[in-house]
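Engineer: Take a look at this one; I'll ask things after.
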Amino acid sequence: MRKMILAAVAAATLVPTFATAQSYGEARRSDREVRQSQRELQQARRFGDRGDVRDARRELREDRQERREDWRDYRRSHANVYRRPAYVGPRGYRYRPVNVGYQFAPSYYGRQYWINDYQTYRLPRPGYGYQRWVRYGRDVVLVDTRNGRVAQVNNGFFY
């Protein structure tokens with residue numbers, strides 16, 4: 001009886017691990033499909049006719065939609081990852097929505113606001129060198145740390 005109980009407990013702890021690994025693999029496959037569709041679109045633009053380009057664009061759009069749905073499913077099933085403590089901004093902080101091209105003051109993208117574990121949140125890897133994912137209120141922004149310019153914005157990222 002004791003062995004059966006231990007086996008049931010072990011199985012219950014392993015099942016969520018397998019489910020997480022599967023969803024991570026699905027996300028990687030979706031990323032691969034999007035990259036392949038982008039390559040096919042470039043080839044169609046170079047060598048194909050209008051019909052080929054139209055088909056390649058449609059396929060790329062569908063692959064991107066599938067990737068978004070995979071990410072949303074992951075976010076829904078791992079909601080505790082996206083619940084963070086309250087954001088405490090620099091002195092004089094007041095939240096304003098930002099867009100690509102906005103320039104932050106250096107105090108807004110200091111080390112205490114960096115998101116170093118971007119893979120946990122399924123964010124794409126920042127560009128090599130001077131780009132960083134930074135938490136700004138409930139949002140996550142990709143900032144060029146040389147000049148403070150915003151390269152990408154994910155609004156309402158954290159709960």
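All residue names refer to the structure tokens as shown: chains lettered A, B, ... in order, residues numbered from 1 in each chain, ligands numbered from 1 in order.
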For the structure I just gave you, how does DSSP split chain A - specifically, which residues are alpha helix (DSSP H)? Reply as number ranges by chain.
Structural biologist: A: 2-47, 50-77
Engineer: Hey, what's within 12 Å of Pro97 in chain A if we count only C-alpha atoms and toss same-chain stuff fewer than 6 positions away? As number ranges by chain, please?
Structural biologist: A: 104, 136-141, 150, 153-156
Engineer: Which polymer residues have any atom within 10 Å of an atom of range 90-92 of chain A, counting only C-alpha atoms, with same-chain residues fewer than 4 positions away left out, as a list in words?
Structural biologist: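 Once the adjacent positions are removed, what remains is Ala105, Pro106, Ser107, Tyr108, Tyr109, Gly110 and Tyr113 of chain A.
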Engineer: Write to file, as a PDB file, in the first residue's frame, the residues of the selection just made, with N, CA, C and O atoms.
Structural biologist:
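Saved the output as again_35.pdb:
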ATOM      1  N   ALA A 105      14.569  58.214 -19.260  1.00  0.00           N
ATOM      2  CA  ALA A 105      15.687  58.740 -18.479  1.00  0.00           C
ATOM      3  C   ALA A 105      16.473  57.535 -17.958  1.00  0.00           C
ATOM      4  O   ALA A 105      15.903  56.464 -17.724  1.00  0.00           O
ATOM      5  N   PRO A 106      17.787  57.660 -17.759  1.00  0.00           N
ATOM      6  CA  PRO A 106      18.602  56.512 -17.323  1.00  0.00           C
ATOM      7  C   PRO A 106      18.124  55.848 -16.036  1.00  0.00           C
ATOM      8  O   PRO A 106      18.306  54.642 -15.869  1.00  0.00           O
ATOM      9  N   SER A 107      17.490  56.574 -15.149  1.00  0.00           N
ATOM     10  CA  SER A 107      17.035  55.966 -13.896  1.00  0.00           C
ATOM     11  C   SER A 107      15.919  54.948 -14.126  1.00  0.00           C
ATOM     12  O   SER A 107      15.689  54.085 -13.285  1.00  0.00           O
ATOM     13  N   TYR A 108      15.241  54.986 -15.259  1.00  0.00           N
ATOM     14  CA  TYR A 108      14.145  54.060 -15.538  1.00  0.00           C
ATOM     15  C   TYR A 108      14.611  52.714 -16.075  1.00  0.00           C
ATOM     16  O   TYR A 108      13.854  51.765 -16.076  1.00  0.00           O
ATOM     17  N   TYR A 109      15.828  52.648 -16.578  1.00  0.00           N
ATOM     18  CA  TYR A 109      16.297  51.361 -17.102  1.00  0.00           C
ATOM     19  C   TYR A 109      17.585  50.912 -16.419  1.00  0.00           C
ATOM     20  O   TYR A 109      18.433  50.258 -17.004  1.00  0.00           O
ATOM     21  N   GLY A 110      17.692  51.227 -15.129  1.00  0.00           N
ATOM     22  CA  GLY A 110      18.828  50.773 -14.336  1.00  0.00           C
ATOM     23  C   GLY A 110      18.740  49.284 -14.039  1.00  0.00           C
ATOM     24  O   GLY A 110      17.735  48.622 -14.303  1.00  0.00           O
ATOM     25  N   TYR A 113      15.710  47.261 -12.613  1.00  0.00           N
ATOM     26  CA  TYR A 113      14.511  47.064 -13.427  1.00  0.00           C
ATOM     27  C   TYR A 113      14.715  46.048 -14.554  1.00  0.00           C
ATOM     28  O   TYR A 113      13.781  45.736 -15.283  1.00  0.00           O
TER      29      TYR A 113
END
Engineer: Excluding Leu60 in chain A and residues on its chain fewer than 3 positions from it, collect all residues at most 9 Å away from it, counting only C-alpha atoms, and give them as an MDAnalysis selection string.
Structural biologist: chainID A and resid 33:38 40:41 55:57 63:65
Engineer: Can you check which residues of range 8-136 of chain A DSSP gives as strand (DSSP E) on the backbone and send them as a VMD selection string?
Structural biologist: chain A and resid 131 to 136
Engineer: Write the residues you've just listed into a file as a PDB file, in the first residue's frame, and include N, CA and C atoms for each of them.
Structural biologist:
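selection-v7.pdb was written with the following content:
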ATOM      1  N   GLN A 131      20.935  46.069 -25.685  1.00  0.00           N
ATOM      2  CA  GLN A 131      19.493  46.036 -25.479  1.00  0.00           C
ATOM      3  C   GLN A 131      19.164  45.200 -24.250  1.00  0.00           C
ATOM      4  N   ARG A 132      18.141  45.640 -23.506  1.00  0.00           N
ATOM      5  CA  ARG A 132      17.700  44.949 -22.299  1.00  0.00           C
ATOM      6  C   ARG A 132      16.193  44.997 -22.199  1.00  0.00           C
ATOM      7  N   TRP A 133      15.609  43.910 -21.669  1.00  0.00           N
ATOM      8  CA  TRP A 133      14.191  43.924 -21.297  1.00  0.00           C
ATOM      9  C   TRP A 133      14.106  44.592 -19.938  1.00  0.00           C
ATOM     10  N   VAL A 134      13.210  45.557 -19.820  1.00  0.00           N
ATOM     11  CA  VAL A 134      13.077  46.353 -18.599  1.00  0.00           C
ATOM     12  C   VAL A 134      11.615  46.371 -18.176  1.00  0.00           C
ATOM     13  N   ARG A 135      11.392  46.228 -16.880  1.00  0.00           N
ATOM     14  CA  ARG A 135      10.035  46.336 -16.356  1.00  0.00           C
ATOM     15  C   ARG A 135       9.708  47.799 -16.154  1.00  0.00           C
ATOM     16  N   TYR A 136       8.529  48.182 -16.636  1.00  0.00           N
ATOM     17  CA  TYR A 136       8.049  49.557 -16.484  1.00  0.00           C
ATOM     18  C   TYR A 136       6.581  49.482 -16.099  1.00  0.00           C
TER      19      TYR A 136
END
Engineer: With distances taken over only C-alpha atoms, which of A:Glu59, A:Phe158, A:Arg75, A:Gln103 is nearest to Arg146 in chain A?
Structural biologist: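 Smallest separation from Arg146 in chain A among the options: A:Gln103.
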Engineer: Could you work out how far CA of Arg58 in chain A lies from CA of Phe157 in chain A, giving the answer in Å with one decimal?
Structural biologist: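 Separation of CA of Phe157 in chain A and CA of Arg58 in chain A: 27.5 Å.
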Engineer: Between CA of Asn116 in chain A and CA of Ser30 in chain A, what is the spacing in Å?
Structural biologist: 23.1 Å
Engineer: Would you kindly return, as a ChimeraX atom specification, each protein, DNA or RNA residue with an atom no farther than 12 Å from any atom of Tyr130 in chain A, considering only C-alpha atoms and excluding same-chain residues fewer than 6 positions away?
Structural biologist: /A:109,142-151
Engineer: Can those selected residues be exported to a file as a PDB file, in the first residue's frame so that it contains N, CA and C atoms?
Structural biologist:
ATOM      1  N   TYR A 109      15.828  52.648 -16.578  1.00  0.00           N
ATOM      2  CA  TYR A 109      16.297  51.361 -17.102  1.00  0.00           C
ATOM      3  C   TYR A 109      17.585  50.912 -16.419  1.00  0.00           C
ATOM      4  N   LEU A 142      11.627  46.774 -24.328  1.00  0.00           N
ATOM      5  CA  LEU A 142      12.988  46.491 -24.776  1.00  0.00           C
ATOM      6  C   LEU A 142      13.659  47.837 -25.005  1.00  0.00           C
ATOM      7  N   VAL A 143      14.697  48.107 -24.213  1.00  0.00           N
ATOM      8  CA  VAL A 143      15.345  49.415 -24.225  1.00  0.00           C
ATOM      9  C   VAL A 143      16.778  49.280 -24.708  1.00  0.00           C
ATOM     10  N   ASP A 144      17.194  50.213 -25.554  1.00  0.00           N
ATOM     11  CA  ASP A 144      18.597  50.324 -25.948  1.00  0.00           C
ATOM     12  C   ASP A 144      19.279  51.115 -24.835  1.00  0.00           C
ATOM     13  N   THR A 145      20.147  50.461 -24.071  1.00  0.00           N
ATOM     14  CA  THR A 145      20.715  51.089 -22.881  1.00  0.00           C
ATOM     15  C   THR A 145      21.742  52.169 -23.202  1.00  0.00           C
ATOM     16  N   ARG A 146      22.150  52.304 -24.446  1.00  0.00           N
ATOM     17  CA  ARG A 146      23.072  53.385 -24.795  1.00  0.00           C
ATOM     18  C   ARG A 146      22.383  54.732 -24.805  1.00  0.00           C
ATOM     19  N   ASN A 147      21.131  54.770 -25.311  1.00  0.00           N
ATOM     20  CA  ASN A 147      20.461  56.059 -25.438  1.00  0.00           C
ATOM     21  C   ASN A 147      19.073  56.091 -24.782  1.00  0.00           C
ATOM     22  N   GLY A 148      18.590  54.970 -24.258  1.00  0.00           N
ATOM     23  CA  GLY A 148      17.304  54.944 -23.575  1.00  0.00           C
ATOM     24  C   GLY A 148      16.100  54.832 -24.488  1.00  0.00           C
ATOM     25  N   ARG A 149      16.310  54.606 -25.762  1.00  0.00           N
ATOM     26  CA  ARG A 149      15.194  54.496 -26.715  1.00  0.00           C
ATOM     27  C   ARG A 149      14.500  53.143 -26.595  1.00  0.00           C
ATOM     28  N   VAL A 150      13.179  53.156 -26.686  1.00  0.00           N
ATOM     29  CA  VAL A 150      12.370  51.945 -26.616  1.00  0.00           C
ATOM     30  C   VAL A 150      12.314  51.310 -27.998  1.00  0.00           C
ATOM     31  N   ALA A 151      12.628  50.011 -28.068  1.00  0.00           N
ATOM     32  CA  ALA A 151      12.604  49.281 -29.333  1.00  0.00           C
ATOM     33  C   ALA A 151      11.353  48.421 -29.465  1.00  0.00           C
TER      34      ALA A 151
END
Engineer: Between CA of Asp31 in chain A and CA of Asn80 in chain A, what distance in Å does the model show, to one decimal?
Structural biologist: 23.7 Å
Engineer: Which residue, A:Ala86, A:Gln152, A:Arg45, A:Arg28, has the smallest gap to Val100 in chain A when you use only C-alpha atoms?
Structural biologist: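 That would be A:Gln152, the residue with the smallest distance to Val100 in chain A.
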Engineer: A:Arg39, A:Arg111, A:Pro124, A:Tyr159: which is nearest Pro85 in chain A, counting only C-alpha atoms?
Structural biologist: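 Of all the options, A:Tyr159 lies closest to Pro85 in chain A.
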